[in-house]
$ cat data-v9.txt   # compact mmCIF, C-alpha atoms
# COMPACT_ATOMS: atom_id res chain seq x y z
CA TRP M 1 16.68 32.22 12.92
CA LEU M 2 16.38 35.71 14.36
CA CYS M 3 18.32 34.52 17.37
CA TYR M 4 21.27 33.48 15.19
CA VAL M 5 21.15 36.71 13.20
CA ASN M 6 21.08 38.76 16.39
CA SER M 7 23.90 36.71 17.93
CA TYR M 8 25.96 37.19 14.78
CA LEU M 9 25.22 40.93 14.70
CA TYR M 10 26.08 41.17 18.42
CA SER M 11 29.42 39.44 17.77
CA LEU M 12 30.13 42.14 15.18
CA GLY M 13 29.34 44.87 17.71
CA VAL M 14 25.99 45.85 16.17
CA ASN M 15 23.41 47.13 18.66
CA THR M 16 20.62 44.57 18.22
CA ARG M 17 18.41 46.44 20.70
CA SER M 18 17.49 48.77 17.83
CA ILE M 19 15.74 45.92 15.98
CA LYS M 20 11.99 46.56 16.14
CA GLN M 21 10.66 43.35 14.56
CA THR M 22 8.17 41.52 16.76
CA THR M 23 8.85 37.92 17.67
CA GLY M 24 5.33 36.54 17.45
CA ILE M 25 5.48 35.55 21.11
CA GLN M 26 3.08 37.46 23.33
CA ASN M 27 4.79 39.85 25.78
CA LEU M 28 8.22 39.29 24.20
CA ASP M 29 9.37 42.09 21.91
CA SER M 30 12.61 42.13 19.98
CA ASN M 31 14.40 44.01 22.78
CA GLN M 32 13.58 41.30 25.27
CA TYR M 33 14.21 38.56 22.71
CA THR M 34 17.71 39.75 21.86
CA ALA M 35 18.54 40.00 25.56
CA GLU M 36 17.68 36.32 26.14
CA PRO M 37 20.75 34.16 26.76
CA ILE M 38 21.39 31.36 24.28
CA ALA M 39 23.74 28.42 24.24
CA PHE M 40 25.52 27.02 21.23
CA PRO M 41 28.46 24.66 20.95
CA ALA M 42 32.00 25.72 20.25
CA TYR M 43 33.19 25.60 16.63
CA GLY M 44 35.03 22.28 17.12
CA GLU M 45 31.90 20.68 18.58
CA GLN M 46 29.82 22.10 15.72
CA GLN M 47 32.21 20.40 13.30
CA ALA M 48 31.94 17.13 15.23
CA ILE M 49 28.12 17.33 15.12
CA ALA M 50 28.20 18.02 11.37
CA ALA M 51 30.60 15.10 10.78
CA HIS M 52 28.39 12.80 12.87
CA LEU M 53 25.29 13.84 10.91
CA ASP M 54 27.16 13.30 7.62
CA ARG M 55 28.24 9.79 8.71
CA GLU M 56 24.79 8.82 9.92
CA THR M 57 22.91 10.19 6.89
CA THR M 58 25.41 8.38 4.61
CA ARG M 59 24.77 5.16 6.55
CA ILE M 60 20.99 5.69 6.32
CA ASP M 61 21.25 6.39 2.57
CA ALA M 62 23.24 3.15 2.15
CA LEU M 63 20.54 1.25 4.08
CA ILE M 64 17.84 2.77 1.87
CA THR M 65 19.78 1.70 -1.23
CA LYS M 66 20.20 -1.80 0.19
CA LYS M 67 16.50 -2.08 1.12
CA THR M 68 15.50 -0.75 -2.31
CA ARG M 69 17.58 -3.49 -3.96
CA PHE M 70 16.04 -6.05 -1.58
CA ILE M 71 12.56 -4.89 -2.61
CA GLU M 72 13.56 -5.24 -6.28
CA LEU M 73 14.77 -8.79 -5.62
CA LEU M 74 11.52 -9.62 -3.82
CA ARG M 75 9.55 -8.32 -6.82
CA GLU M 76 11.65 -10.52 -9.12
CA LYS M 77 11.05 -13.50 -6.83
CA ARG M 78 7.32 -12.74 -6.79
CA GLN M 79 7.24 -12.64 -10.59
CA ALA M 80 9.23 -15.90 -10.82
CA LEU M 81 6.82 -17.53 -8.36
CA ILE M 82 3.81 -16.42 -10.39
CA THR M 83 5.44 -17.53 -13.65
CA HIS M 84 6.31 -20.90 -12.17
CA ALA M 85 2.82 -21.42 -10.73
CA VAL M 86 1.05 -20.60 -14.01
CA THR M 87 3.42 -22.61 -16.20
CA LYS M 88 4.42 -25.49 -13.92
CA GLY M 89 1.64 -25.68 -11.36
CA LEU M 90 2.02 -25.96 -7.60
CA ASP M 91 3.41 -29.50 -7.34
CA PRO M 92 7.16 -29.52 -8.10
CA ASN M 93 7.08 -33.32 -8.54
CA VAL M 94 4.31 -33.47 -11.15
CA LYS M 95 5.10 -35.17 -14.46
CA MET M 96 5.52 -32.70 -17.29
CA LYS M 97 4.66 -32.87 -21.01
CA ASP M 98 5.54 -30.74 -24.00
CA SER M 99 2.91 -28.04 -24.47
CA GLY M 100 3.44 -27.87 -28.22
CA VAL M 101 3.96 -24.12 -27.82
CA GLU M 102 7.59 -23.14 -28.20
CA TRP M 103 7.60 -20.16 -25.84
CA LEU M 104 5.62 -22.02 -23.17
CA GLY M 105 7.74 -25.16 -23.04
CA GLU M 106 6.55 -27.96 -20.76
CA VAL M 107 3.35 -27.93 -18.71
CA PRO M 108 2.03 -30.36 -16.10
CA GLU M 109 0.81 -33.61 -17.64
CA GLY M 110 -2.83 -33.08 -16.60
CA TRP M 111 -3.10 -29.63 -18.15
CA GLN M 112 -4.80 -28.94 -21.46
CA VAL M 113 -3.30 -26.57 -23.98
CA VAL M 114 -6.11 -24.77 -25.81
CA ARG M 115 -6.48 -21.59 -27.79
CA PHE M 116 -7.62 -18.59 -25.80
CA ARG M 117 -10.55 -17.98 -28.10
CA ASP M 118 -11.84 -21.50 -27.39
CA LEU M 119 -12.33 -20.53 -23.73
CA CYS M 120 -14.27 -17.33 -24.47
CA THR M 121 -18.00 -16.94 -24.91
CA SER M 122 -17.33 -13.83 -27.00
CA ILE M 123 -14.47 -11.62 -28.04
CA SER M 124 -15.02 -8.02 -29.01
CA THR M 125 -13.24 -4.76 -29.50
CA GLY M 126 -14.81 -1.36 -29.30
CA PRO M 127 -17.07 0.45 -29.26
CA PHE M 128 -15.56 2.85 -31.74
CA GLY M 129 -16.12 4.23 -35.22
CA THR M 130 -19.79 4.44 -36.16
CA ALA M 131 -20.90 2.92 -32.82
CA LEU M 132 -19.42 5.74 -30.72
CA GLY M 133 -18.54 9.21 -31.99
CA ASN M 134 -17.35 12.44 -30.41
CA ASP M 135 -20.94 13.73 -30.12
CA ASP M 136 -21.84 10.79 -27.83
CA TYR M 137 -19.49 11.87 -25.02
CA VAL M 138 -20.81 13.75 -21.99
CA SER M 139 -19.24 14.83 -18.72
CA GLU M 140 -20.00 12.88 -15.51
CA GLY M 141 -22.07 10.19 -17.26
CA ILE M 142 -21.62 6.41 -17.59
CA PRO M 143 -17.83 5.74 -17.94
CA VAL M 144 -16.45 4.50 -21.24
CA ILE M 145 -13.20 2.63 -20.70
CA ASN M 146 -10.32 2.82 -23.14
CA PRO M 147 -6.70 1.61 -22.81
CA SER M 148 -5.56 4.90 -21.23
CA HIS M 149 -7.82 4.11 -18.24
CA ILE M 150 -5.94 0.91 -17.39
CA VAL M 151 -3.27 1.95 -14.88
CA ASN M 152 -1.26 -0.55 -12.81
CA SER M 153 -3.72 -3.36 -13.57
CA GLN M 154 -6.67 -1.25 -12.44
CA ILE M 155 -9.36 0.55 -14.38
CA ILE M 156 -9.37 4.25 -13.50
CA PRO M 157 -12.30 5.90 -15.36
CA ASP M 158 -12.13 9.50 -16.56
CA PRO M 159 -15.38 11.36 -15.75
CA GLU M 160 -14.91 13.42 -18.93
CA ILE M 161 -14.95 10.27 -21.10
CA SER M 162 -18.45 9.05 -20.43
CA VAL M 163 -21.81 8.72 -22.19
CA SER M 164 -25.45 9.35 -21.37
CA GLN M 165 -27.70 6.58 -20.02
CA SER M 166 -29.41 6.18 -23.42
CA THR M 167 -26.06 5.85 -25.24
CA ALA M 168 -24.87 3.35 -22.63
CA GLU M 169 -28.04 1.31 -23.22
CA ARG M 170 -27.41 1.38 -26.98
CA LEU M 171 -23.82 0.17 -26.40
CA LYS M 172 -24.71 -2.53 -23.82
CA PHE M 173 -23.07 -5.26 -25.93
CA TRP M 174 -19.71 -3.82 -24.85
CA ARG M 175 -20.63 -3.37 -21.17
CA LEU M 176 -18.07 -4.84 -18.79
CA GLU M 177 -19.35 -7.53 -16.46
CA ALA M 178 -17.78 -9.23 -13.46
CA GLY M 179 -15.39 -11.91 -14.70
CA ASP M 180 -14.63 -10.20 -18.03
CA LEU M 181 -11.02 -10.41 -19.12
CA ILE M 182 -9.54 -7.26 -20.65
CA VAL M 183 -6.47 -7.60 -22.83
$ encode --input "data-v9.txt" --output "structure tokens"
Amino acid sequence: WLCYVNSYLYSLGVNTRSIKQTTGIQNLDSNQYTAEPIAFPAYGEQQAIAAHLDRETTRIDALITKKTRFIELLREKRQALITHAVTKGLDPNVKMKDSGVEWLGEVPEGWQVVRFRDLCTSISTGPFGTALGNDDYVSEGIPVINPSHIVNSQIIPDPEISVSQSTAERLKFWRLEAGDLIV
């Protein structure tokens, strides 16, 4: 940057040898620095370089846009694949039957359609209310999970929303275990 400033000042007839700023390079003061020869392209070549960079960055931006759309389409395809697998199964030739559920439509003939609650050993909400109050919370204790901790299908505990070991023991009915389904 200093080189360009000095070159510009020199082109205006300013004596750049009077600049006393150091360059940060050992044994090279501003007097020596401003005396160093530099090369830069003519104005027409500078314009050609700028035009080339504009064309190439525009082309790169277009490629990024195209790849972004491609990624969106792949996400849609992924979702369609998952939806198809969980509603139609893996065999495209399997016989289908009406599920009896309007929004679900047909399901593979061998599938059972049951209520969610019939598959659960227990369903619970909480703890909240009288089971867990503001006085029960401690910092850096046993995490208490609430809906705000579910981010991108992962549970991200907040160390400030936790309870002591004794409170966790009292609330063990609500303790998450491997295989639990959180809705």
$ closest_residue --input "data-v9.txt" --among "M:Glu36, M:Glu177, M:Asp61, M:Glu140" --to "M:Ile161" --atoms "all atoms listed in the file"
M:Glu140
$ atom_distance --input "data-v9.txt" --atom1 "atom CA of M:Ile156" --atom2 "atom CA of M:Ile123"
22.1 Å
$ residues_around --input "data-v9.txt" --residues "M:Phe128" --least-positions-apart "6" --cutoff "12 Å" --atoms "only C-alpha atoms" --output "VMD selection string"
chain M and resid 134 136 to 137 144 to 146 171 174
$ atom_distance --input "data-v9.txt" --atom1 "atom CA of M:Pro147" --atom2 "atom CA of M:Leu132"
15.5 Å
$ atom_distance --input "data-v9.txt" --atom1 "atom CA of M:Gln112" --atom2 "atom CA of M:Ser99"
8.3 Å
$ axis_aligned_box --input "data-v9.txt" --around "stretch 63-80 of chain M" --padding-each-side "8 Å" --output "JSON"
{"center_x": 13.9, "center_y": -6.6, "center_z": -3.4, "size_x": 29.3, "size_y": 34.7, "size_z": 30.9}
$ closest_residue --input "data-v9.txt" --among "M:Thr65, M:Gly179, M:Trp111, M:Leu81" --to "M:Asp98" --atoms "all atoms listed in the file"
M:Trp111
$ closest_residue --input "data-v9.txt" --among "M:Thr121, M:Ile155, M:Gly89, M:Ser166" --to "M:Gly141" --atoms "only C-alpha atoms"
M:Ser166
$ closest_residue --input "data-v9.txt" --among "M:Pro143, M:Pro41, M:Pro92, M:Gly126" --to "M:Pro108" --atoms "all atoms listed in the file"
M:Pro92
